[in-house]
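Engineer: File protein.tsv below, TSV, C-alpha atoms:
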```
chain	number	residue	atom	x	y	z
L	1	MET	CA	79.06	9.41	148.79
L	2	GLN	CA	78.48	5.99	150.41
L	3	SER	CA	77.00	7.68	153.49
L	4	GLY	CA	74.45	9.51	151.35
L	5	ARG	CA	73.41	6.31	149.65
L	6	ASP	CA	73.05	4.59	153.03
L	7	ASP	CA	70.81	7.44	154.19
L	8	GLU	CA	68.64	7.08	151.08
L	9	VAL	CA	68.41	3.32	151.59
L	10	GLY	CA	67.44	3.89	155.22
L	11	VAL	CA	64.69	6.33	154.24
L	12	LEU	CA	63.33	3.97	151.61
L	13	ARG	CA	63.45	1.01	153.99
L	14	ARG	CA	61.58	2.97	156.64
L	15	LEU	CA	59.03	4.14	154.09
L	16	LEU	CA	58.49	0.56	152.94
L	17	GLN	CA	57.99	-0.56	156.54
L	18	TYR	CA	55.25	2.00	157.11
L	19	GLN	CA	53.60	1.29	153.77
L	20	THR	CA	53.46	-2.37	154.78
L	21	VAL	CA	51.86	-1.31	158.07
L	22	ILE	CA	49.25	0.72	156.15
L	23	LEU	CA	48.31	-2.23	153.93
L	24	GLN	CA	48.11	-4.60	156.89
L	25	SER	CA	46.19	-2.09	159.01
L	26	GLN	CA	43.70	-1.44	156.23
L	27	ARG	CA	42.97	-5.18	156.07
L	28	ASP	CA	42.71	-5.35	159.86
L	29	LEU	CA	40.43	-2.32	160.05
L	30	LEU	CA	37.97	-3.93	157.64
L	31	HIS	CA	37.43	-6.82	160.04
L	32	LEU	CA	37.57	-5.08	163.43
L	33	ASP	CA	34.31	-3.70	164.78
L	34	ASN	CA	35.49	-2.19	168.05
L	35	PRO	CA	37.36	1.16	167.94
L	36	ARG	CA	39.71	0.14	170.76
L	37	GLU	CA	40.62	-3.02	168.89
L	38	MET	CA	41.30	-0.89	165.81
L	39	TYR	CA	43.52	1.47	167.80
L	40	GLN	CA	45.49	-1.25	169.56
L	41	LYS	CA	46.06	-3.28	166.42
L	42	LEU	CA	47.36	-0.19	164.65
L	43	VAL	CA	49.88	0.88	167.33
L	44	ASP	CA	51.06	-2.71	167.70
L	45	ASN	CA	51.69	-2.94	163.95
L	46	ILE	CA	53.64	0.32	163.97
L	47	VAL	CA	56.01	-0.58	166.80
L	48	LEU	CA	56.52	-4.23	165.87
L	49	GLN	CA	57.08	-3.67	162.16
L	50	THR	CA	58.90	-0.33	161.94
L	51	GLU	CA	61.79	1.45	163.68
L	52	ALA	CA	59.40	3.50	165.84
L	53	LEU	CA	60.02	3.39	169.61
L	54	GLY	CA	56.39	4.04	170.51
L	55	ALA	CA	52.91	4.64	169.11
L	56	THR	CA	49.89	5.98	170.99
L	57	ILE	CA	46.25	6.81	170.24
L	58	ILE	CA	44.81	9.67	172.31
L	59	VAL	CA	41.12	10.63	172.55
L	60	GLN	CA	39.55	13.64	174.21
L	61	ASP	CA	36.94	13.61	176.98
L	62	VAL	CA	35.42	17.01	176.24
L	63	GLN	CA	33.10	17.12	179.27
L	64	ASN	CA	35.93	16.62	181.77
L	65	ASP	CA	38.67	18.29	179.67
L	66	LEU	CA	40.77	15.14	179.78
L	67	PHE	CA	42.99	13.45	177.21
L	68	LEU	CA	42.83	9.68	177.47
L	69	ILE	CA	45.17	7.01	176.13
L	70	GLU	CA	42.98	4.54	174.25
L	71	ALA	CA	45.83	2.37	172.96
L	72	ALA	CA	49.61	2.46	173.29
L	73	ARG	CA	52.69	0.43	172.53
L	74	ASP	CA	56.40	0.91	173.04
L	75	VAL	CA	59.51	-1.19	172.48
L	76	ASP	CA	59.96	-1.83	176.22
L	77	ALA	CA	56.49	-3.31	176.71
L	78	PRO	CA	56.82	-7.03	177.51
L	79	PRO	CA	55.17	-9.44	175.04
L	80	THR	CA	51.81	-10.90	176.04
L	81	ASP	CA	50.98	-14.59	175.87
L	82	GLY	CA	49.05	-13.84	172.68
L	83	GLU	CA	52.13	-12.35	171.03
L	84	LYS	CA	54.31	-15.29	172.01
L	85	ASN	CA	51.79	-17.55	170.31
L	86	GLY	CA	51.38	-15.19	167.35
L	87	ASP	CA	47.63	-14.74	167.88
L	88	GLY	CA	47.25	-11.21	169.19
L	89	LEU	CA	49.02	-8.06	170.38
L	90	ARG	CA	47.98	-6.29	173.57
L	91	SER	CA	50.72	-4.42	175.48
L	92	SER	CA	50.40	-0.85	176.69
L	93	PRO	CA	53.04	1.31	178.42
L	94	VAL	CA	52.15	3.52	181.38
L	95	GLY	CA	53.19	7.07	182.04
L	96	ALA	CA	53.01	8.15	178.38
L	97	ILE	CA	52.81	11.87	179.16
L	98	CYS	CA	54.62	13.22	176.11
L	99	PRO	CA	52.09	11.84	173.56
L	100	THR	CA	49.24	13.32	175.57
L	101	VAL	CA	50.83	16.78	175.69
L	102	VAL	CA	51.51	16.77	171.94
L	103	ALA	CA	47.99	15.47	171.20
L	104	ARG	CA	46.47	18.42	173.09
L	105	ASN	CA	47.81	20.82	170.46
L	106	VAL	CA	46.47	18.66	167.63
L	107	PHE	CA	42.99	18.63	169.17
L	108	GLN	CA	43.13	22.43	169.48
L	109	THR	CA	44.37	23.18	165.95
L	110	GLY	CA	43.10	20.16	164.00
L	111	GLN	CA	46.52	20.03	162.29
L	112	ARG	CA	49.45	17.62	162.61
L	113	GLU	CA	52.18	18.48	165.11
L	114	GLY	CA	55.92	17.95	164.63
L	115	PRO	CA	58.31	16.54	163.96
L	116	MET	CA	59.88	17.78	167.20
L	117	ASP	CA	62.70	16.78	169.50
L	118	PRO	CA	60.95	16.36	172.87
L	119	GLY	CA	64.11	17.37	174.74
L	120	ARG	CA	64.39	20.68	172.88
L	121	SER	CA	60.79	21.67	172.08
L	122	ASP	CA	59.15	24.25	174.36
L	123	LEU	CA	56.04	22.08	174.27
L	124	THR	CA	57.63	18.95	175.74
L	125	ARG	CA	60.95	19.97	177.31
L	126	GLU	CA	59.53	19.99	180.85
L	127	VAL	CA	57.47	16.79	180.45
L	128	GLU	CA	58.09	14.16	183.12
L	129	ASP	CA	57.46	11.02	181.09
L	130	ILE	CA	58.45	8.00	183.21
L	131	ARG	CA	58.62	5.34	180.48
L	132	PRO	CA	62.05	3.68	180.32
L	133	MET	CA	62.32	4.13	176.55
L	134	TYR	CA	61.45	7.85	176.66
L	135	GLY	CA	65.10	8.81	177.20
L	136	GLN	CA	65.84	7.44	173.73
L	137	VAL	CA	63.12	9.46	171.94
L	138	ARG	CA	64.56	12.11	169.62
L	139	SER	CA	61.61	12.83	167.34
L	140	VAL	CA	57.83	12.93	167.81
L	141	MET	CA	54.96	13.50	165.41
L	142	ALA	CA	51.20	13.57	165.96
L	143	PHE	CA	48.50	13.17	163.31
L	144	PRO	CA	44.78	14.02	163.62
L	145	VAL	CA	42.28	11.25	162.96
L	146	LYS	CA	39.03	12.68	161.60
L	147	LEU	CA	35.66	11.34	160.58
L	148	GLU	CA	34.50	11.94	157.02
L	149	LYS	CA	32.02	14.72	157.87
L	150	SER	CA	33.87	16.29	160.79
L	151	GLY	CA	36.63	18.89	160.73
L	152	LYS	CA	37.63	18.15	164.34
L	153	PRO	CA	39.85	15.21	165.32
L	154	VAL	CA	38.16	12.31	167.11
L	155	ALA	CA	41.58	10.86	167.97
L	156	VAL	CA	45.27	11.62	167.57
L	157	LEU	CA	47.97	9.17	166.47
L	158	VAL	CA	51.35	9.93	168.08
L	159	ILE	CA	54.56	8.22	166.88
L	160	GLU	CA	57.91	8.45	168.69
L	161	SER	CA	61.32	7.67	167.16
L	162	GLY	CA	64.90	7.45	168.34
L	163	GLU	CA	66.18	9.25	165.20
L	164	LEU	CA	66.06	12.99	164.61
L	165	GLN	CA	65.48	12.55	160.88
L	166	HIS	CA	62.95	9.73	161.23
L	167	PHE	CA	60.04	11.66	159.69
L	168	SER	CA	60.97	12.42	156.08
L	169	PRO	CA	58.48	14.33	153.89
L	170	GLU	CA	57.57	11.06	152.12
L	171	LEU	CA	56.99	9.32	155.45
L	172	ILE	CA	54.85	12.19	156.73
L	173	ASN	CA	52.61	11.83	153.66
L	174	THR	CA	52.41	8.09	154.25
L	175	LEU	CA	51.45	8.54	157.92
L	176	GLU	CA	48.77	11.04	156.96
L	177	GLU	CA	47.33	8.33	154.70
L	178	LEU	CA	47.41	5.99	157.67
L	179	ALA	CA	45.46	8.48	159.81
L	180	ILE	CA	42.94	8.88	156.99
L	181	ALA	CA	42.53	5.11	156.76
L	182	LEU	CA	41.83	4.93	160.50
L	183	GLY	CA	39.30	7.76	160.18
L	184	LEU	CA	37.50	5.92	157.38
L	185	ALA	CA	37.37	2.76	159.50
L	186	LEU	CA	35.90	4.73	162.40
L	187	ASN	CA	33.42	6.30	160.01
L	188	ARG	CA	32.26	2.84	158.85
L	189	HIS	CA	31.95	1.76	162.47
L	190	GLN	CA	29.85	4.83	163.29
L	191	GLU	CA	27.60	4.25	160.26
L	192	ARG	CA	27.05	0.63	161.31
L	193	GLN	CA	26.20	1.78	164.84
L	194	GLU	CA	23.73	4.37	163.54
L	195	LEU	CA	22.14	1.81	161.21
L	196	GLU	CA	21.78	-0.65	164.08
L	197	LYS	CA	20.19	2.09	166.20
L	198	ILE	CA	17.70	2.92	163.45
L	199	LYS	CA	16.83	-0.77	163.02
L	200	ASN	CA	16.22	-1.07	166.77
L	201	GLU	CA	14.04	2.04	166.76
L	202	VAL	CA	12.03	0.71	163.82
L	203	GLU	CA	11.55	-2.59	165.60
L	204	ILE	CA	10.43	-0.81	168.76
L	205	LEU	CA	7.94	1.29	166.79
L	206	ALA	CA	6.62	-1.85	165.05
L	207	PHE	CA	5.88	-3.65	168.31
L	208	HIS	CA	5.38	-0.86	170.85
L	209	ASP	CA	3.06	2.04	171.45
L	210	ALA	CA	4.67	5.38	170.58
L	211	LEU	CA	3.39	7.25	173.67
L	212	THR	CA	3.70	4.77	176.53
L	213	HIS	CA	6.27	2.44	174.94
L	214	LEU	CA	4.09	-0.47	176.02
L	215	PRO	CA	3.71	-3.47	173.71
L	216	ASN	CA	1.05	-2.89	171.05
L	217	ARG	CA	-1.57	-5.28	169.65
L	218	ARG	CA	0.97	-6.95	167.36
L	219	LEU	CA	3.26	-7.91	170.22
L	220	LEU	CA	0.26	-8.71	172.42
L	221	GLU	CA	-0.96	-11.36	170.00
L	222	ASP	CA	2.44	-13.05	169.95
L	223	SER	CA	2.71	-12.93	173.74
L	224	LEU	CA	-0.82	-14.22	174.22
L	225	GLU	CA	-0.08	-17.27	172.08
L	226	GLY	CA	2.87	-18.14	174.32
L	227	ALA	CA	0.84	-17.55	177.49
L	228	ILE	CA	-1.93	-19.86	176.22
L	229	GLU	CA	0.60	-22.61	175.46
L	230	ARG	CA	2.09	-22.36	178.97
L	231	ALA	CA	-1.31	-22.32	180.64
L	232	GLU	CA	-2.38	-25.42	178.72
L	233	ARG	CA	0.90	-27.28	179.27
L	234	TYR	CA	1.07	-26.67	183.01
L	235	GLN	CA	-2.68	-26.35	183.64
L	236	ILE	CA	-2.20	-22.99	185.34
L	237	PRO	CA	-4.99	-20.48	184.72
L	238	LEU	CA	-4.37	-17.42	182.58
L	239	ALA	CA	-6.47	-14.27	183.02
L	240	VAL	CA	-6.95	-12.07	179.94
L	241	CYS	CA	-8.08	-8.65	181.18
L	242	MET	CA	-9.35	-5.83	178.96
L	243	LEU	CA	-9.14	-2.44	180.74
L	244	ASP	CA	-10.78	0.87	179.88
L	245	LEU	CA	-10.51	4.22	181.65
L	246	ASP	CA	-13.78	5.82	182.79
L	247	GLY	CA	-13.78	9.61	182.72
L	248	PHE	CA	-10.85	9.93	180.34
L	249	LYS	CA	-12.64	11.77	177.50
L	250	PRO	CA	-13.84	14.67	179.71
L	251	ILE	CA	-10.22	15.25	180.79
L	252	ASN	CA	-9.14	15.41	177.16
L	253	ASP	CA	-11.99	17.79	176.34
L	254	ALA	CA	-11.41	20.07	179.33
L	255	HIS	CA	-7.61	20.16	179.51
L	256	GLY	CA	-6.39	19.17	176.06
L	257	HIS	CA	-4.62	16.20	174.55
L	258	GLU	CA	-1.35	16.89	176.36
L	259	ALA	CA	-3.18	16.41	179.65
L	260	GLY	CA	-4.76	13.26	178.27
L	261	ASP	CA	-1.30	11.94	177.35
L	262	GLN	CA	-0.10	12.72	180.87
L	263	VAL	CA	-2.99	10.70	182.31
L	264	LEU	CA	-2.17	7.75	180.04
L	265	LEU	CA	1.48	7.87	181.04
L	266	GLU	CA	0.65	8.03	184.73
L	267	THR	CA	-1.86	5.19	184.35
L	268	THR	CA	0.79	3.11	182.63
L	269	SER	CA	3.25	3.75	185.45
L	270	ARG	CA	0.70	2.81	188.13
L	271	LEU	CA	-0.30	-0.36	186.29
L	272	LYS	CA	3.34	-1.44	186.03
L	273	ASP	CA	3.85	-0.85	189.74
L	274	CYS	CA	0.98	-3.23	190.53
L	275	LEU	CA	2.14	-6.10	188.33
L	276	ARG	CA	4.47	-9.03	188.84
L	277	GLN	CA	7.43	-9.74	186.57
L	278	SER	CA	5.49	-12.55	184.89
L	279	ASP	CA	2.54	-10.28	184.00
L	280	PHE	CA	2.20	-8.62	180.61
L	281	LEU	CA	0.75	-5.16	179.92
L	282	ALA	CA	-0.13	-3.77	176.47
L	283	ARG	CA	-1.91	-0.71	175.12
L	284	LEU	CA	-4.40	-1.26	172.31
L	285	GLY	CA	-4.89	2.44	171.64
L	286	GLY	CA	-6.85	5.32	173.16
L	287	ASP	CA	-7.50	4.49	176.81
L	288	GLU	CA	-7.67	0.71	176.33
L	289	PHE	CA	-5.12	-1.63	177.91
L	290	VAL	CA	-4.78	-5.40	178.11
L	291	LEU	CA	-3.36	-7.40	180.98
L	292	LEU	CA	-2.18	-11.00	180.78
L	293	LEU	CA	-1.96	-12.44	184.29
L	294	GLU	CA	-0.32	-15.87	184.30
L	295	GLY	CA	-0.33	-18.39	187.14
L	296	ILE	CA	-3.60	-17.22	188.69
L	297	ARG	CA	-4.41	-19.63	191.52
L	298	ASP	CA	-8.13	-18.92	191.67
L	299	GLU	CA	-10.65	-16.10	191.31
L	300	ASP	CA	-9.90	-14.81	194.83
L	301	ALA	CA	-6.21	-14.36	193.91
L	302	LEU	CA	-7.27	-12.62	190.70
L	303	ALA	CA	-9.62	-10.34	192.63
L	304	ALA	CA	-6.78	-9.31	194.97
L	305	ILE	CA	-4.61	-8.23	192.02
L	306	LEU	CA	-7.44	-6.34	190.35
L	307	GLU	CA	-8.39	-4.56	193.58
L	308	LYS	CA	-4.80	-3.42	194.01
L	309	ILE	CA	-4.87	-2.06	190.46
L	310	GLY	CA	-8.21	-0.32	190.99
L	311	ILE	CA	-7.00	1.45	194.14
L	312	ALA	CA	-3.88	2.69	192.37
L	313	ILE	CA	-5.74	4.01	189.32
L	314	ARG	CA	-8.36	5.86	191.39
L	315	GLN	CA	-5.75	8.09	193.06
L	316	PRO	CA	-5.76	11.74	191.89
L	317	ILE	CA	-3.42	12.75	189.07
L	318	ARG	CA	-1.78	16.18	189.20
L	319	LEU	CA	-1.55	17.67	185.70
L	320	ALA	CA	1.20	19.96	184.45
L	321	ASN	CA	-1.27	22.89	184.50
L	322	GLY	CA	-1.84	22.36	188.24
L	323	ALA	CA	-5.28	20.77	187.94
L	324	SER	CA	-6.04	17.51	189.75
L	325	VAL	CA	-8.08	14.87	187.92
L	326	MET	CA	-9.28	11.34	188.57
L	327	VAL	CA	-10.21	8.38	186.40
L	328	GLN	CA	-11.90	5.07	187.15
L	329	LEU	CA	-11.50	1.64	185.61
L	330	SER	CA	-13.80	-0.76	183.85
L	331	ALA	CA	-12.50	-4.23	183.04
L	332	GLY	CA	-13.58	-7.44	181.39
L	333	VAL	CA	-11.85	-10.70	182.30
L	334	CYS	CA	-11.70	-14.02	180.49
L	335	LEU	CA	-10.09	-17.05	182.14
L	336	PHE	CA	-8.22	-19.74	180.24
L	337	PRO	CA	-8.28	-22.79	180.11
L	338	ARG	CA	-11.74	-22.68	181.65
L	339	GLU	CA	-13.14	-21.15	178.47
L	340	TRP	CA	-13.40	-23.36	175.42
L	341	SER	CA	-11.36	-21.32	172.92
L	342	LYS	CA	-7.57	-21.46	172.51
L	343	ASN	CA	-7.66	-18.77	169.84
L	344	PRO	CA	-5.90	-15.57	171.07
L	345	ASP	CA	-8.21	-13.30	169.10
L	346	MET	CA	-11.29	-15.07	170.47
L	347	LEU	CA	-10.07	-14.75	174.08
L	348	LEU	CA	-9.56	-11.02	173.54
L	349	ARG	CA	-13.09	-10.78	172.12
L	350	LEU	CA	-14.53	-12.60	175.13
L	351	ALA	CA	-12.67	-10.25	177.48
L	352	ASP	CA	-13.94	-7.30	175.44
L	353	GLN	CA	-17.48	-8.67	175.69
L	354	ALA	CA	-17.11	-8.81	179.47
L	355	LEU	CA	-15.74	-5.24	179.44
L	356	TYR	CA	-18.78	-4.05	177.52
L	357	GLU	CA	-21.01	-5.66	180.14
L	358	SER	CA	-19.04	-4.01	182.94
L	359	LYS	CA	-19.33	-0.55	181.38
L	360	SER	CA	-23.03	-1.05	180.71
L	361	ASN	CA	-23.61	-1.70	184.41
L	362	LYS	CA	-21.41	1.00	185.91
L	363	THR	CA	-24.17	2.41	188.08
L	364	VAL	CA	-25.13	-0.90	189.69
L	365	ARG	CA	-21.98	-3.06	189.57
L	366	GLN	CA	-20.25	-4.01	192.82
L	367	ARG	CA	-16.78	-4.32	191.25
L	368	PHE	CA	-15.17	-2.52	188.34
L	369	TRP	CA	-14.55	-5.80	186.48
L	370	THR	CA	-16.84	-8.45	185.04
L	371	MET	CA	-15.91	-12.08	184.43
L	372	PHE	CA	-16.93	-13.63	181.16
L	373	ARG	CA	-19.16	-16.63	181.79
L	374	GLN	CA	-19.84	-19.23	179.12
L	375	PRO	CA	-23.64	-19.35	178.61
L	376	VAL	CA	-25.24	-22.55	179.90
L	377	PRO	CA	-26.99	-24.39	177.03
L	378	ASP	CA	-30.81	-24.44	177.24
L	379	ARG	CA	-31.76	-28.13	177.55
L	380	LYS	CA	-35.56	-27.61	177.53
L	381	GLY	CA	-37.64	-29.36	174.97
```
Can you turn what I pasted into structure tokens?

Structural biologist:
Amino acid sequence: MQSGRDDEVGVLRRLLQYQTVILQSQRDLLHLDNPREMYQKLVDNIVLQTEALGATIIVQDVQNDLFLIEAARDVDAPPTDGEKNGDGLRSSPVGAICPTVVARNVFQTGQREGPMDPGRSDLTREVEDIRPMYGQVRSVMAFPVKLEKSGKPVAVLVIESGELQHFSPELINTLEELAIALGLALNRHQERQELEKIKNEVEILAFHDALTHLPNRRLLEDSLEGAIERAERYQIPLAVCMLDLDGFKPINDAHGHEAGDQVLLETTSRLKDCLRQSDFLARLGGDEFVLLLEGIRDEDALAAILEKIGIAIRQPIRLANGASVMVQLSAGVCLFPREWSKNPDMLLRLADQALYESKSNKTVRQRFWTMFRQPVPDRKG
């Protein structure tokens, strides 16, 4: 009679230990943002606060058909400096083959596996697990960890015990709750990651062109303000260049908008290849681009950069339909601080005015760009 009562007390004590682990793990999972940290904290809690000999989290690499140990803990793992100081748990055994073999079945079926005696089960009897404590293991169970909207496990929690009767029905239910809690924590982590991704995409769309992914006018204005401040502080000229493609509309008309998009993408790539790291390139829309060239020594240095750009843009472009097309450039350039205005919008207007002049004189101009020149006041009279 006394033996039966002792068994009941042992079962209840073990159940209480695991329930304590669940409560602690649920608190931990709320504050951990990295899945590996979640996994490691969980297996550490299980081994350090219950009678389990080992706990392991297995994940599956579907592409390479591999099963990977993401976190593991056993009673023979030496304590880390963090554990000695009570500020963290990070020990992992090596050679944990048995948990991986058992986890494979769970990934295949989506159902829990065990309890089993690894020395008697057909699944694990031939396993060569080299961990020192493995000779003491008499019972193993594995539980699937699933996301809220997925029927397939994203991980498997494997627990090893030195007692054949370790996993009572009540304890199995408790451990399933633990696996559910881990799945919910992973689900929250995934939702936060997806939300962060959406926020980044929205920010990119707000400040970048959808086709070329270049900065748009909104980001250009912010960048131009900073470039003006640097040019004024260090007295280093800034060139604001407005670019326009000549011959772009006929390509659109003859070959379609997809061909036009291909030309814009190729133009973007060629412009980037010609620029320095300090230069800034934006697309205003259509076939209009803006260049901010900082640290221009003089007009000869500017001319060298623009000539390099012009040569690159004039090269033929092979379209997806096999046709070869060519475009030319027209550009208007405004230099700061030579010009009187420090207003970003005004400098863009002056560059646009120079661009208009360049396009108006395409048949007689010697270069594809025109410099804006401040009109000289008429002093007569």

Engineer: Could you jot down the atom CA of L:Lys152 to atom CA of L:Arg104 separation for me, Å, one decimal place?

Structural biologist: 12.4 Å

Engineer: Restricting the calculation to only C-alpha atoms, which member of L:Asp246, L:Leu306, L:Leu53, L:Ala259 is positioned closest to L:Cys274?

Structural biologist: L:Leu306

Engineer: Would you give me, as CSV, each residue of stretch 114-224 of chain L having an atom within 12 Å of an atom of stretch 64-77 of chain L, along with its shortest atom pair and that distance in Å to one decimal, using only C-alpha atoms and sorting by chain and residue number?

Structural biologist:
```
residue,atom,partner,partner_atom,distance
L:Arg131,CA,L:Asp76,CA,8.4
L:Pro132,CA,L:Asp76,CA,7.2
L:Met133,CA,L:Asp76,CA,6.4
L:Tyr134,CA,L:Asp74,CA,9.3
L:Gly135,CA,L:Asp76,CA,11.9
L:Gln136,CA,L:Val75,CA,10.8
L:Val137,CA,L:Asp74,CA,10.9
L:Val154,CA,L:Phe67,CA,11.3
L:Ala155,CA,L:Glu70,CA,9.0
L:Val156,CA,L:Ile69,CA,9.7
L:Leu157,CA,L:Ala71,CA,9.6
L:Val158,CA,L:Ala72,CA,9.3
L:Ile159,CA,L:Asp74,CA,9.7
L:Glu160,CA,L:Asp74,CA,8.8
L:Ser161,CA,L:Asp74,CA,10.2
L:Gly162,CA,L:Val75,CA,11.0
```

Engineer: As a PDB file with C-alpha atoms, keeping the file's coordinate frame, please: the residues near L:Ile311 (cut-off 12 Å, only C-alpha atoms, same-chain neighbours under 6 positions excluded).

Structural biologist:
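Result went into part.pdb, see below:
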```
ATOM      1  CA  THR L 267      -1.860   5.190 184.350  1.00  0.00           C
ATOM      2  CA  ARG L 270       0.700   2.810 188.130  1.00  0.00           C
ATOM      3  CA  LEU L 271      -0.300  -0.360 186.290  1.00  0.00           C
ATOM      4  CA  ASP L 273       3.850  -0.850 189.740  1.00  0.00           C
ATOM      5  CA  CYS L 274       0.980  -3.230 190.530  1.00  0.00           C
ATOM      6  CA  ALA L 304      -6.780  -9.310 194.970  1.00  0.00           C
ATOM      7  CA  ILE L 305      -4.610  -8.230 192.020  1.00  0.00           C
ATOM      8  CA  MET L 326      -9.280  11.340 188.570  1.00  0.00           C
ATOM      9  CA  VAL L 327     -10.210   8.380 186.400  1.00  0.00           C
ATOM     10  CA  GLN L 328     -11.900   5.070 187.150  1.00  0.00           C
ATOM     11  CA  LEU L 329     -11.500   1.640 185.610  1.00  0.00           C
ATOM     12  CA  ARG L 367     -16.780  -4.320 191.250  1.00  0.00           C
ATOM     13  CA  PHE L 368     -15.170  -2.520 188.340  1.00  0.00           C
TER      14      PHE L 368
END
```

Engineer: As a compact mmCIF listing (two decimals) with C-alpha atoms, keeping the file's coordinate frame, please: the residues near L:Leu243 (cut-off 6 Å, all atoms listed in the file, same-chain neighbours under 2 positions excluded).

Structural biologist:
```txt
# COMPACT_ATOMS: atom_id res chain seq x y z
CA GLU L 288 -7.67 0.71 176.33
CA PHE L 289 -5.12 -1.63 177.91
CA VAL L 290 -4.78 -5.40 178.11
CA SER L 330 -13.80 -0.76 183.85
CA ALA L 331 -12.50 -4.23 183.04
```

Engineer: Separation of atom CA of L:Leu335 and atom CA of L:Ser360, in Å?

Structural biologist: 20.6 Å

Engineer: Rounded to one decimal in Å, what is the spacing between atom CA of L:Leu42 and atom CA of L:Pro169?

Structural biologist: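 Value for the atom CA of L:Leu42-atom CA of L:Pro169 distance: 21.2 Å.
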
Engineer: Tell me, as a VMD selection string, which residues lie within 9 Å of L:Val101, counting only C-alpha atoms; anything in the same chain fewer than 4 positions away does not count.

Structural biologist: chain L and resid 67 97 105 123 to 124 127

Engineer: Excluding L:Glu176 and any residue of its chain fewer than 5 positions from it, enumerate the residues within 10 Å of it, using all atoms listed in the file, and give them as a PyMOL selection string.

Structural biologist: chain L and resi 112+142-145+157+171+181-182
